[in-house]
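Visitor: My structure is in coords.pdb, and what it holds is PDB, C-alpha atoms and all ligand atoms:
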ATOM      1  CA  MET M   6     -19.050 -24.048  -2.609
ATOM      2  CA  ASN M   7     -16.372 -24.248  -5.267
ATOM      3  CA  LEU M   8     -13.146 -22.253  -5.190
ATOM      4  CA  THR M   9     -12.514 -22.537  -8.936
ATOM      5  CA  ALA M  10     -16.017 -21.294  -9.694
ATOM      6  CA  ILE M  11     -15.602 -18.286  -7.374
ATOM      7  CA  ALA M  12     -12.275 -17.428  -9.053
ATOM      8  CA  SER M  13     -13.747 -17.758 -12.564
ATOM      9  CA  LYS M  14     -16.657 -15.528 -11.659
ATOM     10  CA  ALA M  15     -14.379 -12.909 -10.123
ATOM     11  CA  LEU M  16     -12.303 -12.885 -13.310
ATOM     12  CA  ASP M  17     -15.465 -12.303 -15.303
ATOM     13  CA  GLY M  18     -16.205  -9.271 -13.155
ATOM     14  CA  VAL M  19     -18.710 -10.918 -10.821
ATOM     15  CA  PRO M  20     -17.534 -10.181  -7.266
ATOM     16  CA  PRO M  21     -17.787 -12.919  -4.652
ATOM     17  CA  SER M  22     -21.007 -12.862  -2.654
ATOM     18  CA  ASP M  23     -20.946 -12.434   1.119
ATOM     19  CA  ALA M  24     -21.269 -16.216   1.524
ATOM     20  CA  GLU M  25     -18.425 -16.798  -0.929
ATOM     21  CA  ILE M  26     -16.206 -14.274   0.850
ATOM     22  CA  LEU M  27     -16.855 -16.153   4.106
ATOM     23  CA  PHE M  28     -16.000 -19.410   2.341
ATOM     24  CA  LEU M  29     -12.667 -17.927   1.214
ATOM     25  CA  ILE M  30     -11.879 -16.646   4.703
ATOM     26  CA  GLU M  31     -12.757 -19.963   6.340
ATOM     27  CA  LEU M  32     -10.952 -22.120   3.803
ATOM     28  CA  ALA M  33      -8.982 -24.875   5.562
ATOM     29  CA  PRO M  34      -5.275 -24.086   6.039
ATOM     30  CA  ASP M  35      -4.265 -27.033   3.864
ATOM     31  CA  ARG M  36      -6.077 -25.397   0.947
ATOM     32  CA  LEU M  37      -4.047 -22.177   1.171
ATOM     33  CA  PRO M  38      -1.753 -23.201  -1.750
ATOM     34  CA  GLU M  39      -4.863 -23.701  -3.900
ATOM     35  CA  LEU M  40      -6.204 -20.263  -2.934
ATOM     36  CA  LEU M  41      -2.852 -18.634  -3.716
ATOM     37  CA  ALA M  42      -2.632 -20.393  -7.077
ATOM     38  CA  HIS M  43      -6.030 -19.030  -8.086
ATOM     39  CA  ALA M  44      -5.051 -15.550  -6.937
ATOM     40  CA  HIS M  45      -1.815 -15.797  -8.929
ATOM     41  CA  ARG M  46      -3.738 -16.788 -12.055
ATOM     42  CA  MET M  47      -6.131 -13.866 -11.530
ATOM     43  CA  ARG M  48      -3.164 -11.557 -11.242
ATOM     44  CA  ALA M  49      -1.730 -12.927 -14.507
ATOM     45  CA  ALA M  50      -5.042 -12.459 -16.293
ATOM     46  CA  ASN M  51      -5.015  -8.751 -15.459
ATOM     47  CA  PHE M  52      -1.327  -7.873 -15.387
ATOM     48  CA  GLY M  53       0.358 -10.504 -17.548
ATOM     49  CA  ASP M  54       3.850 -11.167 -16.260
ATOM     50  CA  GLU M  55       4.483  -7.598 -15.106
ATOM     51  CA  VAL M  56       5.248  -6.495 -11.560
ATOM     52  CA  GLY M  57       5.062  -2.789 -10.717
ATOM     53  CA  LEU M  58       8.123  -1.634  -8.791
ATOM     54  CA  CYS M  59       7.999   1.564  -6.786
ATOM     55  CA  ALA M  60      10.262   3.185  -4.237
ATOM     56  CA  ILE M  61       9.824   6.029  -1.801
ATOM     57  CA  VAL M  62      11.758   8.693  -0.012
ATOM     58  CA  ASN M  63      10.786   9.776   3.474
ATOM     59  CA  ALA M  64      10.963  13.446   2.494
ATOM     60  CA  LYS M  65       9.632  14.946   5.725
ATOM     61  CA  SER M  66       9.786  12.906   8.870
ATOM     62  CA  GLY M  67       8.369  12.847  12.377
ATOM     63  CA  THR M  68       6.428  15.168  14.716
ATOM     64  CA  CYS M  69       3.142  14.345  13.035
ATOM     65  CA  SER M  70       0.033  15.908  14.570
ATOM     66  CA  GLU M  71      -1.879  12.619  14.180
ATOM     67  CA  ASP M  72      -1.844   9.690  16.593
ATOM     68  CA  CYS M  73      -2.008   6.623  14.329
ATOM     69  CA  ALA M  74      -1.245   3.793  16.737
ATOM     70  CA  PHE M  75       1.064   1.889  14.388
ATOM     71  CA  CYS M  76       3.198   4.841  13.290
ATOM     72  CA  ALA M  77       6.624   5.817  14.609
ATOM     73  CA  GLN M  78       6.266   9.323  13.201
ATOM     74  CA  SER M  79       3.389  10.414  15.390
ATOM     75  CA  GLY M  80       4.268  13.239  17.743
ATOM     76  CA  HIS M  81       1.970  11.565  20.301
ATOM     77  CA  HIS M  82       4.154   8.485  20.749
ATOM     78  CA  ALA M  83       7.542   7.887  22.329
ATOM     79  CA  ALA M  84       8.954   6.028  19.334
ATOM     80  CA  GLU M  85      12.338   7.100  18.088
ATOM     81  CA  SER M  86      12.088   8.259  14.514
ATOM     82  CA  PRO M  87      14.027  10.771  12.477
ATOM     83  CA  GLU M  88      12.673  14.329  12.584
ATOM     84  CA  TYR M  89      13.367  16.753   9.768
ATOM     85  CA  PRO M  90      11.444  19.251   7.621
ATOM     86  CA  LEU M  91      10.748  18.796   3.924
ATOM     87  CA  MET M  92      13.939  17.937   2.047
ATOM     88  CA  ASP M  93      15.183  20.105  -0.810
ATOM     89  CA  ALA M  94      13.935  19.207  -4.276
ATOM     90  CA  GLU M  95      17.532  18.420  -5.320
ATOM     91  CA  ASP M  96      17.973  15.903  -2.509
ATOM     92  CA  ILE M  97      14.621  14.302  -3.294
ATOM     93  CA  ALA M  98      15.601  14.081  -6.975
ATOM     94  CA  ALA M  99      18.913  12.483  -5.996
ATOM     95  CA  ALA M 100      17.021   9.856  -3.989
ATOM     96  CA  GLY M 101      14.825   9.331  -7.065
ATOM     97  CA  ALA M 102      17.877   8.812  -9.248
ATOM     98  CA  ARG M 103      19.167   6.152  -6.833
ATOM     99  CA  ALA M 104      15.758   4.447  -6.855
ATOM    100  CA  LYS M 105      15.698   4.464 -10.644
ATOM    101  CA  ALA M 106      19.163   2.942 -10.776
ATOM    102  CA  ALA M 107      17.907   0.246  -8.397
ATOM    103  CA  GLY M 108      15.041  -0.582 -10.776
ATOM    104  CA  ALA M 109      12.045   1.480  -9.622
ATOM    105  CA  SER M 110       9.778   3.115 -12.178
ATOM    106  CA  ARG M 111       7.457   5.016  -9.822
ATOM    107  CA  PHE M 112       8.880   7.168  -7.081
ATOM    108  CA  GLY M 113       6.842   8.339  -4.107
ATOM    109  CA  ILE M 114       7.660  11.473  -2.162
ATOM    110  CA  VAL M 115       6.278  10.769   1.300
ATOM    111  CA  ALA M 116       5.814  13.354   4.049
ATOM    112  CA  SER M 117       4.461  13.063   7.570
ATOM    113  CA  GLY M 118       1.538  15.210   8.641
ATOM    114  CA  LYS M 119      -2.140  15.634   7.974
ATOM    115  CA  LEU M 120      -2.413  18.867   5.986
ATOM    116  CA  VAL M 121      -0.041  20.701   3.645
ATOM    117  CA  GLY M 122       0.934  24.341   4.229
ATOM    118  CA  GLY M 123       2.003  26.853   1.608
ATOM    119  CA  ALA M 124       5.785  26.482   1.981
ATOM    120  CA  ASP M 125       5.616  22.707   1.763
ATOM    121  CA  LEU M 126       3.337  22.942  -1.257
ATOM    122  CA  ASP M 127       6.022  24.986  -3.039
ATOM    123  CA  GLY M 128       8.584  22.352  -2.035
ATOM    124  CA  PHE M 129       6.417  19.469  -3.265
ATOM    125  CA  GLU M 130       5.867  21.241  -6.576
ATOM    126  CA  ALA M 131       9.609  21.657  -7.088
ATOM    127  CA  ALA M 132      10.240  18.056  -6.019
ATOM    128  CA  VAL M 133       7.622  16.691  -8.423
ATOM    129  CA  ARG M 134       9.270  18.551 -11.304
ATOM    130  CA  SER M 135      12.724  17.276 -10.281
ATOM    131  CA  VAL M 136      11.594  13.662  -9.965
ATOM    132  CA  ALA M 137       9.804  13.795 -13.340
ATOM    133  CA  ALA M 138      13.013  15.174 -14.869
ATOM    134  CA  GLN M 139      14.754  11.940 -13.756
ATOM    135  CA  GLY M 140      12.413   9.960 -16.015
ATOM    136  CA  LEU M 141      10.491   8.572 -13.050
ATOM    137  CA  VAL M 142       6.744   8.658 -12.480
ATOM    138  CA  PRO M 143       6.336  11.140  -9.597
ATOM    139  CA  ASP M 144       3.918  10.175  -6.845
ATOM    140  CA  LEU M 145       3.220  12.115  -3.703
ATOM    141  CA  SER M 146       2.047  11.076  -0.256
ATOM    142  CA  PRO M 147       1.754  14.383   1.588
ATOM    143  CA  GLY M 148      -1.341  13.924   3.753
ATOM    144  CA  ILE M 149      -4.640  15.490   2.780
ATOM    145  CA  LEU M 150      -4.578  17.848  -0.203
ATOM    146  CA  ASP M 151      -7.457  20.100  -1.170
ATOM    147  CA  ARG M 152      -8.700  20.215  -4.735
ATOM    148  CA  GLY M 153      -6.779  23.391  -5.580
ATOM    149  CA  GLN M 154      -3.519  21.889  -4.294
ATOM    150  CA  LEU M 155      -4.129  18.695  -6.259
ATOM    151  CA  LYS M 156      -4.685  20.701  -9.432
ATOM    152  CA  ARG M 157      -1.542  22.750  -8.933
ATOM    153  CA  LEU M 158       0.596  19.660  -8.351
ATOM    154  CA  LYS M 159      -0.943  17.840 -11.287
ATOM    155  CA  ASN M 160      -0.038  20.807 -13.477
ATOM    156  CA  ALA M 161       3.539  20.450 -12.181
ATOM    157  CA  GLY M 162       3.639  16.855 -13.446
ATOM    158  CA  LEU M 163       2.308  14.878 -10.497
ATOM    159  CA  ARG M 164       0.983  11.507 -11.676
ATOM    160  CA  GLY M 165       0.036   9.678  -8.505
ATOM    161  CA  TYR M 166      -1.550  10.711  -5.227
ATOM    162  CA  HIS M 167      -1.085   8.319  -2.356
ATOM    163  CA  HIS M 168      -3.312   8.402   0.679
ATOM    164  CA  ASN M 169      -3.980   5.262   2.682
ATOM    165  CA  LEU M 170      -7.284   4.603   4.404
ATOM    166  CA  GLU M 171      -5.269   2.225   6.644
ATOM    167  CA  THR M 172      -8.162   0.011   7.777
ATOM    168  CA  SER M 173     -11.940  -0.190   7.854
ATOM    169  CA  ALA M 174     -14.157   2.672   9.000
ATOM    170  CA  SER M 175     -15.156   0.417  11.905
ATOM    171  CA  HIS M 176     -11.609  -0.209  13.134
ATOM    172  CA  PHE M 177     -10.114   3.200  12.336
ATOM    173  CA  PRO M 178     -11.258   5.004  15.521
ATOM    174  CA  LYS M 179      -9.313   2.450  17.577
ATOM    175  CA  MET M 180      -6.176   3.311  15.610
ATOM    176  CA  CYS M 181      -6.486   7.083  15.217
ATOM    177  CA  THR M 182      -8.420   9.604  17.259
ATOM    178  CA  THR M 183      -7.114  12.869  15.794
ATOM    179  CA  HIS M 184      -9.092  12.898  12.583
ATOM    180  CA  ALA M 185     -12.158  11.309  11.087
ATOM    181  CA  TYR M 186     -12.047   8.423   8.616
ATOM    182  CA  GLU M 187     -14.298  10.388   6.319
ATOM    183  CA  GLU M 188     -11.568  13.003   5.871
ATOM    184  CA  ASP M 189      -9.304  10.325   4.413
ATOM    185  CA  VAL M 190     -12.059   8.949   2.198
ATOM    186  CA  ASN M 191     -12.742  12.468   0.920
ATOM    187  CA  ALA M 192      -9.035  12.940   0.190
ATOM    188  CA  VAL M 193      -9.065   9.768  -1.914
ATOM    189  CA  ARG M 194     -12.176  10.964  -3.745
ATOM    190  CA  ALA M 195     -10.553  14.346  -4.415
ATOM    191  CA  GLY M 196      -7.465  12.649  -5.886
ATOM    192  CA  LEU M 197      -9.609  10.512  -8.166
ATOM    193  CA  ASP M 198     -11.700  13.523  -9.200
ATOM    194  CA  ALA M 199      -8.479  15.375 -10.063
ATOM    195  CA  GLY M 200      -7.687  12.613 -12.551
ATOM    196  CA  LEU M 201      -4.663  11.359 -10.621
ATOM    197  CA  TYR M 202      -3.609   7.735 -10.267
ATOM    198  CA  VAL M 203      -4.637   7.115  -6.681
ATOM    199  CA  CYS M 204      -2.785   4.680  -4.469
ATOM    200  CA  SER M 205      -4.789   3.916  -1.347
ATOM    201  CA  GLY M 206      -4.649   0.865   0.817
ATOM    202  CA  GLY M 207      -3.960  -0.122   4.343
ATOM    203  CA  ILE M 208      -1.980  -1.802   7.014
ATOM    204  CA  PHE M 209      -2.765  -5.275   8.302
ATOM    205  CA  GLY M 210      -1.959  -6.893  11.603
ATOM    206  CA  ILE M 211      -3.173  -3.955  13.693
ATOM    207  CA  GLY M 212      -5.891  -5.884  15.485
ATOM    208  CA  GLU M 213      -8.388  -5.747  12.639
ATOM    209  CA  THR M 214     -10.755  -8.626  11.963
ATOM    210  CA  TRP M 215     -11.347 -10.368   8.644
ATOM    211  CA  ASP M 216     -14.554  -8.339   8.420
ATOM    212  CA  ASP M 217     -12.478  -5.159   8.678
ATOM    213  CA  ARG M 218     -10.222  -6.378   5.876
ATOM    214  CA  VAL M 219     -13.187  -7.129   3.649
ATOM    215  CA  GLU M 220     -14.825  -3.797   4.528
ATOM    216  CA  LEU M 221     -11.701  -1.900   3.444
ATOM    217  CA  ALA M 222     -11.356  -3.850   0.190
ATOM    218  CA  LEU M 223     -14.987  -3.287  -0.752
ATOM    219  CA  LEU M 224     -14.724   0.426   0.000
ATOM    220  CA  LEU M 225     -11.600   0.731  -2.180
ATOM    221  CA  ARG M 226     -13.366  -1.168  -4.932
ATOM    222  CA  GLY M 227     -16.394   1.091  -4.707
ATOM    223  CA  LEU M 228     -14.265   4.228  -4.775
ATOM    224  CA  GLY M 229     -12.527   3.021  -7.934
ATOM    225  CA  VAL M 230      -9.005   3.170  -6.511
ATOM    226  CA  PRO M 231      -6.643   1.648  -9.116
ATOM    227  CA  SER M 232      -3.707   0.883  -6.828
ATOM    228  CA  VAL M 233      -3.803  -0.644  -3.357
ATOM    229  CA  PRO M 234      -0.668  -0.661  -1.193
ATOM    230  CA  MET M 235      -0.718  -3.480   1.345
ATOM    231  CA  ASN M 236       1.424  -2.973   4.441
ATOM    232  CA  PHE M 237       1.930  -5.353   7.353
ATOM    233  CA  LEU M 238       2.621  -4.153  10.852
ATOM    234  CA  THR M 239       6.177  -3.991  12.059
ATOM    235  CA  PRO M 240       5.661  -3.386  15.788
ATOM    236  CA  ILE M 241       7.809  -0.387  16.681
ATOM    237  CA  PRO M 242       8.965   0.265  20.269
ATOM    238  CA  GLY M 243       7.319   3.360  21.701
ATOM    239  CA  THR M 244       4.123   3.011  19.655
ATOM    240  CA  PRO M 245       0.869   1.722  21.167
ATOM    241  CA  LEU M 246       1.184  -1.422  19.024
ATOM    242  CA  GLU M 247       4.755  -2.193  20.117
ATOM    243  CA  ASP M 248       3.755  -5.488  21.778
ATOM    244  CA  ARG M 249       1.550  -6.786  19.003
ATOM    245  CA  ALA M 250       2.945  -9.901  17.313
ATOM    246  CA  PRO M 251       3.454  -9.635  13.554
ATOM    247  CA  LEU M 252       1.079 -11.608  11.355
ATOM    248  CA  SER M 253       2.106 -15.101  10.339
ATOM    249  CA  PRO M 254       3.239 -15.471   6.721
ATOM    250  CA  GLU M 255       0.244 -17.705   6.069
ATOM    251  CA  GLU M 256      -2.255 -15.102   7.293
ATOM    252  CA  ALA M 257      -0.578 -12.340   5.292
ATOM    253  CA  LEU M 258      -0.580 -14.474   2.133
ATOM    254  CA  LYS M 259      -4.247 -15.235   2.657
ATOM    255  CA  ILE M 260      -5.017 -11.511   2.956
ATOM    256  CA  ILE M 261      -3.198 -10.834  -0.324
ATOM    257  CA  ALA M 262      -5.070 -13.632  -2.070
ATOM    258  CA  LEU M 263      -8.404 -12.485  -0.657
ATOM    259  CA  TYR M 264      -7.714  -8.947  -1.900
ATOM    260  CA  ARG M 265      -6.980 -10.352  -5.365
ATOM    261  CA  PHE M 266     -10.382 -12.076  -5.334
ATOM    262  CA  LEU M 267     -12.092  -8.855  -4.201
ATOM    263  CA  LEU M 268     -10.047  -6.507  -6.401
ATOM    264  CA  PRO M 269      -9.102  -8.677  -9.388
ATOM    265  CA  ASP M 270      -8.032  -5.853 -11.691
ATOM    266  CA  ARG M 271      -6.413  -3.483  -9.188
ATOM    267  CA  GLN M 272      -2.699  -3.131  -8.656
ATOM    268  CA  LEU M 273      -1.898  -4.777  -5.307
ATOM    269  CA  ARG M 274       1.452  -3.452  -4.140
ATOM    270  CA  ILE M 275       3.155  -5.177  -1.227
ATOM    271  CA  CYS M 276       4.902  -2.511   0.800
ATOM    272  CA  GLY M 277       6.030  -2.123   4.410
ATOM    273  CA  GLY M 278       6.383  -5.067   6.729
ATOM    274  CA  ARG M 279       7.314  -7.675   4.129
ATOM    275  CA  PRO M 280      10.682  -8.471   5.772
ATOM    276  CA  THR M 281       9.048  -8.524   9.237
ATOM    277  CA  VAL M 282       6.309 -10.964   8.306
ATOM    278  CA  PHE M 283       8.094 -13.136   5.776
ATOM    279  CA  GLY M 284      11.696 -12.975   6.916
ATOM    280  CA  PRO M 285      14.558 -13.480   4.496
ATOM    281  CA  ASP M 286      13.389 -16.919   3.359
ATOM    282  CA  ARG M 287       9.755 -16.372   2.475
ATOM    283  CA  ARG M 288       9.526 -12.752   1.330
ATOM    284  CA  ASP M 289       9.271 -13.751  -2.345
ATOM    285  CA  GLU M 290       6.110 -15.776  -1.787
ATOM    286  CA  VAL M 291       3.977 -12.636  -2.166
ATOM    287  CA  LEU M 292       4.831 -12.711  -5.874
ATOM    288  CA  THR M 293       2.834 -15.896  -6.360
ATOM    289  CA  ALA M 294      -0.020 -15.053  -3.985
ATOM    290  CA  GLY M 295      -1.850 -12.482  -6.103
ATOM    291  CA  ALA M 296       0.341  -9.403  -5.662
ATOM    292  CA  SER M 297       1.150  -7.377  -8.765
ATOM    293  CA  GLY M 298       3.554  -4.827  -7.327
ATOM    294  CA  LEU M 299       6.367  -4.445  -4.823
ATOM    295  CA  MET M 300       7.865  -1.542  -2.989
ATOM    296  CA  ILE M 301      11.611  -1.920  -3.248
ATOM    297  CA  GLY M 302      14.268  -0.351  -1.077
ATOM    298  CA  ASP M 303      13.592   1.036   2.382
ATOM    299  CA  TYR M 304      10.178   1.815   3.810
ATOM    300  CA  LEU M 305       9.257   4.942   5.765
ATOM    301  CA  THR M 306      10.770   4.152   9.123
ATOM    302  CA  THR M 307      11.859   0.549   8.695
ATOM    303  CA  ARG M 308      14.475  -1.134   6.572
ATOM    304  CA  GLY M 309      13.429  -2.840   3.373
ATOM    305  CA  GLY M 310      15.761  -5.113   1.535
ATOM    306  CA  ASP M 311      18.226  -5.140  -1.288
ATOM    307  CA  ALA M 312      16.325  -3.985  -4.381
ATOM    308  CA  ARG M 313      18.543  -6.166  -6.592
ATOM    309  CA  GLU M 314      17.439  -9.242  -4.658
ATOM    310  CA  ASP M 315      13.792  -8.278  -5.132
ATOM    311  CA  ILE M 316      14.269  -7.842  -8.860
ATOM    312  CA  ALA M 317      16.074 -11.184  -9.058
ATOM    313  CA  ALA M 318      13.128 -12.735  -7.193
ATOM    314  CA  VAL M 319      10.701 -11.174  -9.680
ATOM    315  CA  ARG M 320      12.612 -12.803 -12.523
ATOM    316  CA  ARG M 321      12.864 -16.150 -10.694
ATOM    317  CA  ALA M 322       9.086 -16.128 -10.413
ATOM    318  CA  GLY M 323       8.896 -15.842 -14.219
ATOM    319  CA  LEU M 324       7.797 -12.211 -13.968
ATOM    320  CA  THR M 325       9.242  -8.981 -15.263
ATOM    321  CA  PRO M 326       9.458  -5.424 -13.891
ATOM    322  CA  ALA M 327       6.714  -3.198 -15.342
ATOM    323  CA  LYS M 328       7.637  -0.002 -17.138
ATOM    324  CA  GLU M 329       5.390   1.990 -14.789
TER     325      GLU M 329
HETATM  326  S1  LIG M 401       0.426   7.381   9.553
HETATM  327 FE1  LIG M 401       0.705   9.439   8.626
HETATM  328  S2  LIG M 401      -0.879  10.686   9.596
HETATM  329 FE2  LIG M 401      -0.674   8.841  10.886
HETATM  330  S3  LIG M 401       0.837   9.428  12.469
HETATM  331 FE3  LIG M 401       1.993   8.470  10.784
HETATM  332  S4  LIG M 401       2.672  10.188   9.486
HETATM  333 FE4  LIG M 401       0.998  10.946  10.810
END
Can you turn what I pasted into structure tokens?
Ligand code: SF4

Guide:
Amino acid sequence: MNLTAIASKALDGVPPSDAEILFLIELAPDRLPELLAHAHRMRAANFGDEVGLCAIVNAKSGTCSEDCAFCAQSGHHAAESPEYPLMDAEDIAAAGARAKAAGASRFGIVASGKLVGGADLDGFEAAVRSVAAQGLVPDLSPGILDRGQLKRLKNAGLRGYHHNLETSASHFPKMCTTHAYEEDVNAVRAGLDAGLYVCSGGIFGIGETWDDRVELALLLRGLGVPSVPMNFLTPIPGTPLEDRAPLSPEEALKIIALYRFLLPDRQLRICGGRPTVFGPDRRDEVLTAGASGLMIGDYLTTRGGDAREDIAAVRRAGLTPAKE
């Protein structure tokens, strides 16, 4: 089997076959640079030299009803994480202004919890308007929204709806027992049906297999999700995954490259866990492994890095921040 031929086909819109996917997964470690180079070229073919930069605010934190095993915000775990209700729209807008000054073009308002009640919906609506007024693209990650809520928020100026599937349908029940995977898939479908830019991806390094990773990518492709956030586990004390070792940089880079082969024209945004997996010395390598976007600044419950350093790294890689 020929790596160049698989990459060329993928660029022409012919997805890798099952045998070719297995070939990519089993590629010898010394061929990783070759795999990454192909993924980087595929990224360039679809996104030119642009890198999407987004930032988030943790607008409502902790005491979540769900028990996602990797998450510090679950009310089921003993992890220490900040707990506060939905922030005021003004404070969210101020966080947006700081993110814009740091170089972000999209700004995600992220809230813990599964469903959205009436008071929070009012707050999200006000926050979306305030963030849009800053000249940022407002995105929202509020849990599961029904179609009526999506419509109302879209009318308020919401551009992006973020709802991760986290992992494959097969692995999900081992990570979360408080709701069904299908509820998340339906939320993604509802966001797409509402005409919103849907960001939906997952977290890697949570005990999933390569088959799980492929299963998630193929589902996202089939759903037509345009933007795929890729997170890597930072094991957090007090969560069920506290003792799990982070992925190696090589494995994480291979996942990014594989996702580029499976999702050649989708925005692949590298989000949480980049400092954990890559450390200070290797965190820029994602930019030449097939990724087309970065989350800058802090993540939900873990520290990110200096946004100025990320933007400098983007430029060092011969790339440029995208307008959106
Ligand atoms: S990942 Fe989201 S739904 Fe799951 S526990 Fe954390 S905040 Fe709740």

Visitor: Using the chain letters and numbering of this document, enumerate as a PyMOL selection string the residues selected by the PyMOL selection byres (((chain M and resi 49-65) around 7) and not hetatm).

Guide: chain M and resi 45-48+66+89-92+97+100+104+109-117+270+297-302+305+324-327+329

Visitor: Would you compute the distance between CA of Gly196 in chain M and CA of His168 in chain M? Give it in Å to one decimal.

Guide: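 CA of Gly196 in chain M sits 8.9 Å away from CA of His168 in chain M.
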
Visitor: What does the distance from CA of Val282 in chain M to CA of Ala262 in chain M come to in Å, to one decimal?

Guide: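 Value for the CA of Val282 in chain M-CA of Ala262 in chain M distance: 15.6 Å.
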
Visitor: Throw together the list of residues within 12 Å of ligand LIG 401 (chain M), counting all atoms listed in the file, and drop it here as a count of residues only.

Guide: 59

Visitor: Between M:Lys105, M:Arg274, M:Arg36, M:His43, which is the closest to Arg313 in chain M once you count only C-alpha atoms?

Guide: M:Lys105

Visitor: May I ask you to restore N, CA and C atoms in range 237-248 of chain M and write the result as a tab-separated table (two decimals), in the coordinates of the input?

Guide:
chain	number	residue	atom	x	y	z
M	237	PHE	N	2.12	-4.46	6.21
M	237	PHE	CA	1.93	-5.35	7.35
M	237	PHE	C	2.68	-4.77	8.54
M	238	LEU	N	2.04	-4.83	9.68
M	238	LEU	CA	2.62	-4.15	10.85
M	238	LEU	C	4.01	-4.68	11.21
M	239	THR	N	4.92	-3.74	11.35
M	239	THR	CA	6.18	-3.99	12.06
M	239	THR	C	6.01	-3.29	13.40
M	240	PRO	N	5.89	-4.05	14.49
M	240	PRO	CA	5.66	-3.39	15.79
M	240	PRO	C	6.89	-2.56	16.17
M	241	ILE	N	6.68	-1.29	16.42
M	241	ILE	CA	7.81	-0.39	16.68
M	241	ILE	C	7.78	0.05	18.14
M	242	PRO	N	8.91	-0.15	18.86
M	242	PRO	CA	8.96	0.26	20.27
M	242	PRO	C	8.57	1.73	20.42
M	243	GLY	N	7.75	1.99	21.45
M	243	GLY	CA	7.32	3.36	21.70
M	243	GLY	C	5.98	3.70	21.06
M	244	THR	N	5.47	2.81	20.21
M	244	THR	CA	4.12	3.01	19.66
M	244	THR	C	3.14	2.15	20.45
M	245	PRO	N	1.85	2.52	20.43
M	245	PRO	CA	0.87	1.72	21.17
M	245	PRO	C	0.79	0.26	20.71
M	246	LEU	N	1.25	-0.04	19.52
M	246	LEU	CA	1.18	-1.42	19.02
M	246	LEU	C	2.52	-2.15	19.16
M	247	GLU	N	3.39	-1.63	20.02
M	247	GLU	CA	4.76	-2.19	20.12
M	247	GLU	C	4.76	-3.66	20.52
M	248	ASP	N	3.74	-4.10	21.30
M	248	ASP	CA	3.76	-5.49	21.78
M	248	ASP	C	2.96	-6.45	20.90
